[in-house]
>>> print(open('structure03.pdb').read())   # PDB, C-alpha atoms
ATOM      1  CA  GLY A 531     169.574  32.024  15.296  1.00  0.00           C
ATOM      2  CA  GLY A 532     167.235  34.471  16.940  1.00  0.00           C
ATOM      3  CA  SER A 533     167.691  37.530  14.727  1.00  0.00           C
ATOM      4  CA  ARG A 534     163.957  37.624  14.113  1.00  0.00           C
ATOM      5  CA  MET A 535     162.856  36.994  17.686  1.00  0.00           C
ATOM      6  CA  GLY A 536     159.681  38.590  18.894  1.00  0.00           C
ATOM      7  CA  ALA A 537     158.567  39.847  15.499  1.00  0.00           C
ATOM      8  CA  PRO A 538     154.917  39.134  14.716  1.00  0.00           C
ATOM      9  CA  GLY A 539     155.786  37.893  11.227  1.00  0.00           C
ATOM     10  CA  LYS A 540     158.831  37.099   9.145  1.00  0.00           C
ATOM     11  CA  SER A 541     158.037  39.552   6.350  1.00  0.00           C
ATOM     12  CA  GLN A 542     157.554  42.464   8.751  1.00  0.00           C
ATOM     13  CA  ALA A 543     160.813  41.652  10.575  1.00  0.00           C
ATOM     14  CA  LEU A 544     162.739  41.527   7.318  1.00  0.00           C
ATOM     15  CA  GLN A 545     161.351  44.895   6.248  1.00  0.00           C
ATOM     16  CA  GLN A 546     162.550  46.491   9.476  1.00  0.00           C
ATOM     17  CA  VAL A 547     166.240  45.549   9.283  1.00  0.00           C
ATOM     18  CA  ASP A 548     168.280  48.754   9.540  1.00  0.00           C
ATOM     19  CA  ALA A 549     171.693  49.737   8.173  1.00  0.00           C
ATOM     20  CA  TYR A 550     173.393  47.800  10.961  1.00  0.00           C
ATOM     21  CA  GLY A 551     171.519  44.597  10.151  1.00  0.00           C
ATOM     22  CA  MET A 552     169.470  44.956  13.310  1.00  0.00           C
ATOM     23  CA  PRO A 553     165.816  43.923  12.946  1.00  0.00           C
ATOM     24  CA  GLY A 554     162.981  45.815  14.524  1.00  0.00           C
ATOM     25  CA  VAL A 555     161.424  43.827  17.351  1.00  0.00           C
ATOM     26  CA  ALA A 556     157.773  44.663  17.803  1.00  0.00           C
ATOM     27  CA  SER A 557     157.335  42.767  21.058  1.00  0.00           C
ATOM     28  CA  LYS A 558     159.508  43.457  24.102  1.00  0.00           C
ATOM     29  CA  GLU A 559     157.938  41.001  26.525  1.00  0.00           C
ATOM     30  CA  MET A 560     159.986  38.153  25.073  1.00  0.00           C
ATOM     31  CA  GLY A 561     163.244  39.955  25.881  1.00  0.00           C
ATOM     32  CA  PRO A 562     164.066  38.376  29.275  1.00  0.00           C
ATOM     33  CA  GLY A 563     163.292  34.880  28.005  1.00  0.00           C
ATOM     34  CA  CYS A 564     165.292  35.470  24.860  1.00  0.00           C
ATOM     35  CA  GLN A 565     168.311  36.775  26.760  1.00  0.00           C
ATOM     36  CA  ALA A 566     168.073  34.016  29.366  1.00  0.00           C
ATOM     37  CA  SER A 567     168.358  31.320  26.690  1.00  0.00           C
ATOM     38  CA  SER A 568     172.035  32.282  26.333  1.00  0.00           C
ATOM     39  CA  LEU A 569     172.573  30.944  29.852  1.00  0.00           C
ATOM     40  CA  ALA A 570     172.505  27.451  28.324  1.00  0.00           C
ATOM     41  CA  TYR A 571     176.029  28.087  27.010  1.00  0.00           C
ATOM     42  CA  LEU A 572     177.290  29.375  30.360  1.00  0.00           C
ATOM     43  CA  LEU A 573     175.883  26.331  32.144  1.00  0.00           C
ATOM     44  CA  CYS A 574     177.504  24.081  29.533  1.00  0.00           C
ATOM     45  CA  ALA A 575     180.902  25.759  30.015  1.00  0.00           C
ATOM     46  CA  TYR A 576     180.618  25.432  33.802  1.00  0.00           C
ATOM     47  CA  ALA A 577     179.686  21.753  33.520  1.00  0.00           C
ATOM     48  CA  LEU A 578     182.659  21.104  31.217  1.00  0.00           C
ATOM     49  CA  ILE A 579     184.992  22.794  33.721  1.00  0.00           C
ATOM     50  CA  CYS A 580     183.654  20.500  36.461  1.00  0.00           C
ATOM     51  CA  VAL A 581     184.472  17.404  34.393  1.00  0.00           C
ATOM     52  CA  GLY A 582     188.141  18.340  34.568  1.00  0.00           C
ATOM     53  CA  THR A 583     189.416  16.469  31.494  1.00  0.00           C
ATOM     54  CA  VAL A 584     188.080  18.745  28.760  1.00  0.00           C
ATOM     55  CA  SER A 585     190.144  20.979  26.460  1.00  0.00           C
ATOM     56  CA  THR A 586     190.449  24.588  27.608  1.00  0.00           C
ATOM     57  CA  MET A 587     189.831  25.700  24.018  1.00  0.00           C
ATOM     58  CA  LEU A 588     186.401  24.065  23.969  1.00  0.00           C
ATOM     59  CA  ILE A 589     185.447  25.673  27.289  1.00  0.00           C
ATOM     60  CA  ALA A 590     186.731  29.119  26.219  1.00  0.00           C
ATOM     61  CA  ASN A 591     184.815  28.853  22.950  1.00  0.00           C
ATOM     62  CA  MET A 592     181.599  28.054  24.774  1.00  0.00           C
ATOM     63  CA  LEU A 593     182.102  31.053  27.073  1.00  0.00           C
ATOM     64  CA  CYS A 594     182.634  33.338  24.051  1.00  0.00           C
ATOM     65  CA  ILE A 595     179.388  32.091  22.506  1.00  0.00           C
ATOM     66  CA  PHE A 596     177.624  32.872  25.786  1.00  0.00           C
ATOM     67  CA  ILE A 597     179.084  36.394  26.067  1.00  0.00           C
ATOM     68  CA  PHE A 598     178.421  37.537  22.499  1.00  0.00           C
ATOM     69  CA  SER A 599     175.006  35.898  22.147  1.00  0.00           C
ATOM     70  CA  LEU A 600     173.854  37.446  25.440  1.00  0.00           C
ATOM     71  CA  TYR A 601     175.166  40.871  24.419  1.00  0.00           C
ATOM     72  CA  TYR A 602     173.543  41.004  21.010  1.00  0.00           C
ATOM     73  CA  ARG A 603     170.238  39.789  22.465  1.00  0.00           C
ATOM     74  CA  PHE A 604     170.442  42.451  25.157  1.00  0.00           C
ATOM     75  CA  ILE A 605     170.755  45.101  22.432  1.00  0.00           C
ATOM     76  CA  LEU A 606     168.070  43.440  20.309  1.00  0.00           C
ATOM     77  CA  HIS A 607     165.513  43.815  23.085  1.00  0.00           C
ATOM     78  CA  SER A 608     166.601  47.233  24.363  1.00  0.00           C
ATOM     79  CA  ARG A 609     163.763  49.741  24.359  1.00  0.00           C
ATOM     80  CA  ALA A 610     165.755  52.565  22.772  1.00  0.00           C
ATOM     81  CA  PRO A 611     169.091  51.300  21.390  1.00  0.00           C
ATOM     82  CA  THR A 612     171.539  54.058  20.471  1.00  0.00           C
ATOM     83  CA  ALA A 613     173.477  54.167  17.193  1.00  0.00           C
ATOM     84  CA  ASP A 614     176.546  52.820  19.015  1.00  0.00           C
ATOM     85  CA  MET A 615     174.513  49.930  20.401  1.00  0.00           C
ATOM     86  CA  ARG A 616     173.148  49.156  16.938  1.00  0.00           C
ATOM     87  CA  SER A 617     176.661  49.129  15.552  1.00  0.00           C
ATOM     88  CA  ALA A 618     177.786  46.874  18.420  1.00  0.00           C
ATOM     89  CA  PHE A 619     174.856  44.539  17.656  1.00  0.00           C
ATOM     90  CA  ALA A 620     176.234  43.757  14.204  1.00  0.00           C
ATOM     91  CA  TRP A 621     179.692  42.951  15.561  1.00  0.00           C
ATOM     92  CA  ALA A 622     178.408  40.945  18.521  1.00  0.00           C
ATOM     93  CA  LYS A 623     176.226  38.854  16.213  1.00  0.00           C
ATOM     94  CA  LYS A 624     179.151  38.252  13.839  1.00  0.00           C
ATOM     95  CA  LEU A 625     181.447  37.242  16.702  1.00  0.00           C
ATOM     96  CA  ASP A 626     178.774  34.936  18.093  1.00  0.00           C
ATOM     97  CA  GLY A 627     178.585  33.272  14.667  1.00  0.00           C
ATOM     98  CA  LEU A 628     182.382  33.183  14.437  1.00  0.00           C
ATOM     99  CA  PHE A 629     182.805  31.203  17.651  1.00  0.00           C
ATOM    100  CA  ILE A 630     179.913  28.886  16.779  1.00  0.00           C
ATOM    101  CA  MET A 631     181.656  28.094  13.483  1.00  0.00           C
ATOM    102  CA  HIS A 632     185.039  27.744  15.182  1.00  0.00           C
ATOM    103  CA  MET A 633     183.562  25.383  17.741  1.00  0.00           C
ATOM    104  CA  SER A 634     182.100  23.163  15.034  1.00  0.00           C
ATOM    105  CA  VAL A 635     185.094  23.088  12.678  1.00  0.00           C
ATOM    106  CA  ALA A 636     187.966  23.061  15.207  1.00  0.00           C
ATOM    107  CA  TRP A 637     186.239  20.415  17.331  1.00  0.00           C
ATOM    108  CA  ALA A 638     185.475  18.097  14.407  1.00  0.00           C
ATOM    109  CA  LEU A 639     188.973  18.407  12.898  1.00  0.00           C
ATOM    110  CA  GLY A 640     190.927  18.724  16.122  1.00  0.00           C
ATOM    111  CA  LEU A 641     192.744  21.712  14.639  1.00  0.00           C
ATOM    112  CA  PRO A 642     191.969  24.986  16.502  1.00  0.00           C
ATOM    113  CA  VAL A 643     194.058  27.261  14.229  1.00  0.00           C
ATOM    114  CA  VAL A 644     192.692  25.789  10.993  1.00  0.00           C
ATOM    115  CA  GLY A 645     189.222  25.927  12.540  1.00  0.00           C
ATOM    116  CA  MET A 646     189.592  29.646  13.286  1.00  0.00           C
ATOM    117  CA  ILE A 647     190.782  30.409   9.742  1.00  0.00           C
ATOM    118  CA  ALA A 648     187.807  28.504   8.339  1.00  0.00           C
ATOM    119  CA  ALA A 649     185.439  30.256  10.774  1.00  0.00           C
ATOM    120  CA  LEU A 650     186.805  33.685   9.789  1.00  0.00           C
ATOM    121  CA  MET A 651     186.306  32.865   6.114  1.00  0.00           C
ATOM    122  CA  ILE A 652     182.761  31.580   6.635  1.00  0.00           C
ATOM    123  CA  THR A 653     181.745  34.530   8.828  1.00  0.00           C
ATOM    124  CA  PHE A 654     183.435  37.518   7.200  1.00  0.00           C
ATOM    125  CA  VAL A 655     184.015  36.441   3.586  1.00  0.00           C
ATOM    126  CA  PHE A 656     180.998  34.260   2.831  1.00  0.00           C
ATOM    127  CA  GLY A 657     178.625  36.106   5.180  1.00  0.00           C
ATOM    128  CA  ASP A 658     177.778  33.103   7.395  1.00  0.00           C
ATOM    129  CA  PRO A 659     174.913  31.791   5.204  1.00  0.00           C
ATOM    130  CA  HIS A 660     172.503  29.331   6.814  1.00  0.00           C
ATOM    131  CA  SER A 661     173.234  26.769   4.081  1.00  0.00           C
ATOM    132  CA  LEU A 662     176.953  26.723   4.862  1.00  0.00           C
ATOM    133  CA  ARG A 663     176.350  26.708   8.594  1.00  0.00           C
ATOM    134  CA  ALA A 664     173.978  23.750   8.173  1.00  0.00           C
ATOM    135  CA  LEU A 665     176.585  21.877   6.105  1.00  0.00           C
ATOM    136  CA  VAL A 666     179.247  22.402   8.782  1.00  0.00           C
ATOM    137  CA  PHE A 667     176.804  21.366  11.515  1.00  0.00           C
ATOM    138  CA  VAL A 668     175.748  18.142   9.746  1.00  0.00           C
ATOM    139  CA  THR A 669     179.377  17.267   8.958  1.00  0.00           C
ATOM    140  CA  SER A 670     180.438  17.843  12.567  1.00  0.00           C
ATOM    141  CA  MET A 671     177.452  15.906  13.919  1.00  0.00           C
ATOM    142  CA  THR A 672     178.156  12.956  11.611  1.00  0.00           C
ATOM    143  CA  SER A 673     181.820  12.762  12.577  1.00  0.00           C
ATOM    144  CA  THR A 674     181.024  13.088  16.286  1.00  0.00           C
ATOM    145  CA  SER A 675     178.340  10.391  16.139  1.00  0.00           C
ATOM    146  CA  VAL A 676     180.791   7.984  14.487  1.00  0.00           C
ATOM    147  CA  SER A 677     183.411   8.799  17.119  1.00  0.00           C
ATOM    148  CA  LEU A 678     181.034   8.175  20.028  1.00  0.00           C
ATOM    149  CA  TYR A 679     179.930   4.897  18.442  1.00  0.00           C
ATOM    150  CA  ARG A 680     183.513   3.706  17.914  1.00  0.00           C
ATOM    151  CA  VAL A 681     184.528   4.325  21.533  1.00  0.00           C
ATOM    152  CA  GLY A 682     181.401   2.600  22.844  1.00  0.00           C
ATOM    153  CA  ALA A 683     179.806   5.700  24.384  1.00  0.00           C
ATOM    154  CA  SER A 684     176.316   4.571  23.369  1.00  0.00           C
ATOM    155  CA  SER A 685     174.359   6.512  26.016  1.00  0.00           C
ATOM    156  CA  ALA A 686     176.184   9.738  25.114  1.00  0.00           C
ATOM    157  CA  LEU A 687     175.525   9.050  21.428  1.00  0.00           C
ATOM    158  CA  ILE A 688     171.781   8.549  21.965  1.00  0.00           C
ATOM    159  CA  GLY A 689     171.557  11.722  24.056  1.00  0.00           C
ATOM    160  CA  TYR A 690     173.663  13.685  21.566  1.00  0.00           C
ATOM    161  CA  VAL A 691     171.464  12.759  18.608  1.00  0.00           C
ATOM    162  CA  ALA A 692     168.217  13.225  20.562  1.00  0.00           C
ATOM    163  CA  CYS A 693     169.190  16.719  21.793  1.00  0.00           C
ATOM    164  CA  ASN A 694     170.247  17.797  18.305  1.00  0.00           C
ATOM    165  CA  VAL A 695     167.005  16.527  16.762  1.00  0.00           C
ATOM    166  CA  LEU A 696     165.033  18.417  19.419  1.00  0.00           C
ATOM    167  CA  ALA A 697     167.062  21.579  18.810  1.00  0.00           C
ATOM    168  CA  LEU A 698     166.798  21.373  15.011  1.00  0.00           C
ATOM    169  CA  GLY A 699     163.065  20.753  15.264  1.00  0.00           C
ATOM    170  CA  SER A 700     162.543  23.909  17.320  1.00  0.00           C
ATOM    171  CA  PHE A 701     164.753  25.876  14.917  1.00  0.00           C
ATOM    172  CA  ALA A 702     162.735  24.651  11.927  1.00  0.00           C
ATOM    173  CA  CYS A 703     159.482  25.694  13.648  1.00  0.00           C
ATOM    174  CA  HIS A 704     160.430  29.397  13.566  1.00  0.00           C
ATOM    175  CA  TYR A 705     160.372  29.287   9.774  1.00  0.00           C
ATOM    176  CA  VAL A 706     156.758  28.121   9.899  1.00  0.00           C
ATOM    177  CA  ASP A 707     155.584  30.416  12.677  1.00  0.00           C
ATOM    178  CA  LYS A 708     157.889  32.538  14.865  1.00  0.00           C
ATOM    179  CA  TRP A 709     160.298  32.277  17.756  1.00  0.00           C
ATOM    180  CA  THR A 710     158.875  31.717  21.233  1.00  0.00           C
ATOM    181  CA  CYS A 711     160.777  31.467  24.518  1.00  0.00           C
ATOM    182  CA  THR A 712     160.163  27.707  24.597  1.00  0.00           C
ATOM    183  CA  ARG A 713     161.541  27.223  21.097  1.00  0.00           C
ATOM    184  CA  LEU A 714     164.560  29.381  21.919  1.00  0.00           C
ATOM    185  CA  TRP A 715     165.332  27.340  25.016  1.00  0.00           C
ATOM    186  CA  LEU A 716     164.912  24.081  23.086  1.00  0.00           C
ATOM    187  CA  TRP A 717     167.219  25.387  20.350  1.00  0.00           C
ATOM    188  CA  HIS A 718     170.006  26.815  22.507  1.00  0.00           C
ATOM    189  CA  GLY A 719     169.568  24.394  25.388  1.00  0.00           C
ATOM    190  CA  GLY A 720     169.377  21.439  23.012  1.00  0.00           C
ATOM    191  CA  THR A 721     172.572  22.318  21.137  1.00  0.00           C
ATOM    192  CA  ALA A 722     174.451  23.113  24.366  1.00  0.00           C
ATOM    193  CA  MET A 723     173.325  19.869  26.009  1.00  0.00           C
ATOM    194  CA  ALA A 724     174.180  17.872  22.887  1.00  0.00           C
ATOM    195  CA  PHE A 725     177.684  19.341  22.879  1.00  0.00           C
ATOM    196  CA  PHE A 726     178.098  18.633  26.593  1.00  0.00           C
ATOM    197  CA  LEU A 727     177.028  14.986  26.174  1.00  0.00           C
ATOM    198  CA  ALA A 728     179.350  14.437  23.219  1.00  0.00           C
ATOM    199  CA  VAL A 729     182.368  16.092  24.849  1.00  0.00           C
ATOM    200  CA  THR A 730     181.940  14.349  28.203  1.00  0.00           C
ATOM    201  CA  GLY A 731     181.165  11.054  26.460  1.00  0.00           C
ATOM    202  CA  MET A 732     184.480  11.249  24.623  1.00  0.00           C
ATOM    203  CA  ALA A 733     186.390  12.489  27.690  1.00  0.00           C
ATOM    204  CA  ARG A 734     185.176   9.579  29.812  1.00  0.00           C
ATOM    205  CA  ALA A 735     185.725   6.924  27.138  1.00  0.00           C
ATOM    206  CA  ASP A 736     189.142   8.294  26.200  1.00  0.00           C
ATOM    207  CA  PRO A 737     190.582  10.833  28.699  1.00  0.00           C
ATOM    208  CA  GLU A 738     193.423  11.659  26.312  1.00  0.00           C
ATOM    209  CA  SER A 739     190.875  12.964  23.762  1.00  0.00           C
ATOM    210  CA  LEU A 740     190.120  15.994  26.004  1.00  0.00           C
ATOM    211  CA  GLY A 741     186.576  15.855  24.648  1.00  0.00           C
ATOM    212  CA  TYR A 742     187.476  15.941  20.950  1.00  0.00           C
ATOM    213  CA  PRO A 743     185.828  13.351  18.660  1.00  0.00           C
ATOM    214  CA  THR A 744     189.194  11.667  18.074  1.00  0.00           C
ATOM    215  CA  HIS A 745     187.633   8.638  16.366  1.00  0.00           C
ATOM    216  CA  GLY A 746     185.459  10.670  14.000  1.00  0.00           C
ATOM    217  CA  VAL A 747     185.725  10.382  10.225  1.00  0.00           C
ATOM    218  CA  PHE A 748     186.860  14.003   9.837  1.00  0.00           C
ATOM    219  CA  TYR A 749     189.239  14.188  12.807  1.00  0.00           C
ATOM    220  CA  VAL A 750     192.747  14.737  11.419  1.00  0.00           C
ATOM    221  CA  ALA A 751     194.859  15.926  14.385  1.00  0.00           C
ATOM    222  CA  GLY A 752     197.308  13.575  16.043  1.00  0.00           C
TER     223      GLY A 752
END
>>> encode(input="structure03.pdb", output="C-alpha cells")
Amino acid sequence: GGSRMGAPGKSQALQQVDAYGMPGVASKEMGPGCQASSLAYLLCAYALICVGTVSTMLIANMLCIFIFSLYYRFILHSRAPTADMRSAFAWAKKLDGLFIMHMSVAWALGLPVVGMIAALMITFVFGDPHSLRALVFVTSMTSTSVSLYRVGASSALIGYVACNVLALGSFACHYVDKWTCTRLWLWHGGTAMAFFLAVTGMARADPESLGYPTHGVFYVAG
C-alpha cells in the first residue's frame, strides 16, 4: 500500500506514474508521516526479539519489510528524485511486496523455502495484484485465527482480528478518499500489531511453535 500517498486524487496520481512505476506526489508535507509509518515494522521486529522464542526467519522478514518500505517511501517523497532513485523505487517496492508475501505464505504454511518460491512467483510473474495479495492475506488470517483458537490463546485471537479489521478498514478508506498519515499508521501499525499478537500468542501457548500458527488449517510443516 501507499503508492498513491499524498496525491490529491486517484485519477491524477494514476496519470502521473512514470516509466519506473513511480507516481507523482503533489503534496510533500505528508512525507515524514508516511515514512514514519514504516517504523511500525521495526518496532514489531524489536518486540519479537524481546520475546525470545520467536523464529529468526519471522524477525528477519519483518526487518526486510521495514527496510524496503522505508526506502521506497523516502524516494517517493524526495523533492527531486534522480533517475537512479526512480529506478531504485521500483525495485524497493517490489522487494517490499516480496517479503510481505513471503511472510504471509511461509508463516501460514510453516515452509520458508516454499513460501519464498510462491512469493517470487506472485511478485515477479503475476505482478503482485491486489486481488491475489488479498486472497493470500485472508487465507493466512483464517488459518492463524483457527490456530490461536485451538491453542486457547483467546486474548491474542481477539486482538489479532481487531487489529486486522482496523487496518483493513483504513486501507479501504483510501479507495474512497485518499491516504492520510492517520490512515497509514492504522494500516501499517494495525497489520504489524496483529502479526505481533498472533506470533506471541502462539509462542506463549506453544513455545515449540516459534510463533508459527502450527494448529492452523493450512499449516503443513512438521
>>> resolve_selection(input="structure03.pdb", expression="the PyMOL selection byres ((chain A and resi 660-677) around 8)", output="number ranges by chain")
A: 631, 634-635, 637-638, 652, 658-659, 678-681, 687, 690-691, 728, 732, 743-749
>>> closest_residue(input="structure03.pdb", among="A:Val643, A:Met723, A:Trp715, A:Ala636", to="A:Ser568", atoms="only C-alpha atoms")
A:Trp715
>>> resolve_selection(input="structure03.pdb", expression="the PyMOL selection byres ((chain A and resi 649) around 9)", output="PyMOL selection string")
chain A and resi 627-636+644-648+650-654+658
>>> closest_residue(input="structure03.pdb", among="A:Phe701, A:Trp717, A:Phe726, A:Tyr601", to="A:Phe619", atoms="only C-alpha atoms")
A:Tyr601
>>> atom_distance(input="structure03.pdb", atom1="atom CA of A:Gly699", atom2="atom CA of A:Ser567")
16.4 Å
>>> atom_distance(input="structure03.pdb", atom1="atom CA of A:Ala577", atom2="atom CA of A:Gly731")
12.9 Å
>>> closest_residue(input="structure03.pdb", among="A:Asp626, A:Arg609, A:Gly563, A:Ser685", to="A:Ala735", atoms="all atoms listed in the file")
A:Ser685
>>> resolve_selection(input="structure03.pdb", expression="the PyMOL selection byres ((chain A and resi 583) around 10)", output="PyMOL selection string")
chain A and resi 578-582+584-586+729-730+732-734+736-741
>>> closest_residue(input="structure03.pdb", among="A:Asn694, A:Ser700, A:Ser684, A:Thr710", to="A:Pro562", atoms="only C-alpha atoms")
A:Thr710
>>> residues_around(input="structure03.pdb", residues="A:Tyr571", least_positions_apart="4", cutoff="8 Å", atoms="only C-alpha atoms", output="count of residues only")
8
>>> closest_residue(input="structure03.pdb", among="A:Cys594, A:Leu639, A:Met587, A:Ala570", to="A:Ala751", atoms="only C-alpha atoms")
A:Leu639
>>> axis_aligned_box(input="structure03.pdb", around="stretch 599-613 of chain A", padding_each_side="8 Å", output="lines of an AutoDock Vina configuration file")
center_x = 169.5
center_y = 45.0
center_z = 21.3
size_x = 27.4
size_y = 34.3
size_z = 24.2
>>> build_atoms(input="structure03.pdb", residues="stretch 672-681 of chain A", atoms="all heavy atoms", output="PDB file, in the frame of the given file")
ATOM      1  N   THR A 672     177.899  14.290  12.153  1.00  0.00           N
ATOM      2  CA  THR A 672     178.156  12.956  11.611  1.00  0.00           C
ATOM      3  C   THR A 672     179.457  12.390  12.155  1.00  0.00           C
ATOM      4  O   THR A 672     179.519  11.242  12.626  1.00  0.00           O
ATOM      5  CB  THR A 672     178.228  13.007  10.070  1.00  0.00           C
ATOM      6  OG1 THR A 672     176.996  13.512   9.558  1.00  0.00           O
ATOM      7  CG2 THR A 672     178.491  11.620   9.493  1.00  0.00           C
ATOM      8  N   SER A 673     180.514  13.205  12.103  1.00  0.00           N
ATOM      9  CA  SER A 673     181.820  12.762  12.577  1.00  0.00           C
ATOM     10  C   SER A 673     181.796  12.445  14.072  1.00  0.00           C
ATOM     11  O   SER A 673     182.364  11.444  14.522  1.00  0.00           O
ATOM     12  CB  SER A 673     182.868  13.851  12.291  1.00  0.00           C
ATOM     13  OG  SER A 673     184.160  13.407  12.629  1.00  0.00           O
ATOM     14  N   THR A 674     181.113  13.289  14.841  1.00  0.00           N
ATOM     15  CA  THR A 674     181.024  13.088  16.286  1.00  0.00           C
ATOM     16  C   THR A 674     180.244  11.823  16.628  1.00  0.00           C
ATOM     17  O   THR A 674     180.625  11.065  17.526  1.00  0.00           O
ATOM     18  CB  THR A 674     180.362  14.308  16.957  1.00  0.00           C
ATOM     19  OG1 THR A 674     181.126  15.466  16.652  1.00  0.00           O
ATOM     20  CG2 THR A 674     180.283  14.134  18.463  1.00  0.00           C
ATOM     21  N   SER A 675     179.157  11.587  15.908  1.00  0.00           N
ATOM     22  CA  SER A 675     178.340  10.391  16.139  1.00  0.00           C
ATOM     23  C   SER A 675     179.153   9.127  15.881  1.00  0.00           C
ATOM     24  O   SER A 675     179.090   8.156  16.656  1.00  0.00           O
ATOM     25  CB  SER A 675     177.101  10.416  15.234  1.00  0.00           C
ATOM     26  OG  SER A 675     176.275  11.520  15.544  1.00  0.00           O
ATOM     27  N   VAL A 676     179.933   9.124  14.811  1.00  0.00           N
ATOM     28  CA  VAL A 676     180.791   7.984  14.487  1.00  0.00           C
ATOM     29  C   VAL A 676     181.825   7.774  15.591  1.00  0.00           C
ATOM     30  O   VAL A 676     182.088   6.642  16.014  1.00  0.00           O
ATOM     31  CB  VAL A 676     181.497   8.197  13.127  1.00  0.00           C
ATOM     32  CG1 VAL A 676     182.571   7.131  12.895  1.00  0.00           C
ATOM     33  CG2 VAL A 676     180.480   8.171  11.990  1.00  0.00           C
ATOM     34  N   SER A 677     182.399   8.883  16.066  1.00  0.00           N
ATOM     35  CA  SER A 677     183.411   8.799  17.119  1.00  0.00           C
ATOM     36  C   SER A 677     182.835   8.212  18.400  1.00  0.00           C
ATOM     37  O   SER A 677     183.439   7.333  19.020  1.00  0.00           O
ATOM     38  CB  SER A 677     183.991  10.190  17.392  1.00  0.00           C
ATOM     39  OG  SER A 677     185.043  10.116  18.327  1.00  0.00           O
ATOM     40  N   LEU A 678     181.671   8.685  18.813  1.00  0.00           N
ATOM     41  CA  LEU A 678     181.034   8.175  20.028  1.00  0.00           C
ATOM     42  C   LEU A 678     180.689   6.696  19.878  1.00  0.00           C
ATOM     43  O   LEU A 678     180.830   5.913  20.828  1.00  0.00           O
ATOM     44  CB  LEU A 678     179.770   8.983  20.336  1.00  0.00           C
ATOM     45  CG  LEU A 678     179.988  10.416  20.816  1.00  0.00           C
ATOM     46  CD1 LEU A 678     178.675  11.190  20.813  1.00  0.00           C
ATOM     47  CD2 LEU A 678     180.620  10.444  22.207  1.00  0.00           C
ATOM     48  N   TYR A 679     180.265   6.297  18.704  1.00  0.00           N
ATOM     49  CA  TYR A 679     179.930   4.897  18.442  1.00  0.00           C
ATOM     50  C   TYR A 679     181.176   4.022  18.530  1.00  0.00           C
ATOM     51  O   TYR A 679     181.163   2.942  19.140  1.00  0.00           O
ATOM     52  CB  TYR A 679     179.295   4.770  17.058  1.00  0.00           C
ATOM     53  CG  TYR A 679     179.021   3.348  16.636  1.00  0.00           C
ATOM     54  CD1 TYR A 679     177.929   2.643  17.149  1.00  0.00           C
ATOM     55  CD2 TYR A 679     179.881   2.691  15.746  1.00  0.00           C
ATOM     56  CE1 TYR A 679     177.683   1.328  16.776  1.00  0.00           C
ATOM     57  CE2 TYR A 679     179.650   1.381  15.365  1.00  0.00           C
ATOM     58  CZ  TYR A 679     178.549   0.704  15.882  1.00  0.00           C
ATOM     59  OH  TYR A 679     178.322  -0.603  15.515  1.00  0.00           O
ATOM     60  N   ARG A 680     182.275   4.493  17.955  1.00  0.00           N
ATOM     61  CA  ARG A 680     183.513   3.706  17.914  1.00  0.00           C
ATOM     62  C   ARG A 680     184.144   3.508  19.287  1.00  0.00           C
ATOM     63  O   ARG A 680     184.806   2.499  19.523  1.00  0.00           O
ATOM     64  CB  ARG A 680     184.523   4.372  16.963  1.00  0.00           C
ATOM     65  CG  ARG A 680     184.169   4.195  15.493  1.00  0.00           C
ATOM     66  CD  ARG A 680     185.145   4.943  14.600  1.00  0.00           C
ATOM     67  NE  ARG A 680     184.892   4.667  13.186  1.00  0.00           N
ATOM     68  CZ  ARG A 680     185.513   5.287  12.180  1.00  0.00           C
ATOM     69  NH1 ARG A 680     186.406   6.249  12.448  1.00  0.00           N
ATOM     70  NH2 ARG A 680     185.234   4.974  10.929  1.00  0.00           N
ATOM     71  N   VAL A 681     183.944   4.477  20.191  1.00  0.00           N
ATOM     72  CA  VAL A 681     184.528   4.325  21.533  1.00  0.00           C
ATOM     73  C   VAL A 681     183.550   3.666  22.505  1.00  0.00           C
ATOM     74  O   VAL A 681     183.855   3.511  23.684  1.00  0.00           O
ATOM     75  CB  VAL A 681     184.999   5.683  22.113  1.00  0.00           C
ATOM     76  CG1 VAL A 681     186.088   6.279  21.243  1.00  0.00           C
ATOM     77  CG2 VAL A 681     183.827   6.654  22.267  1.00  0.00           C
TER      78      VAL A 681
END
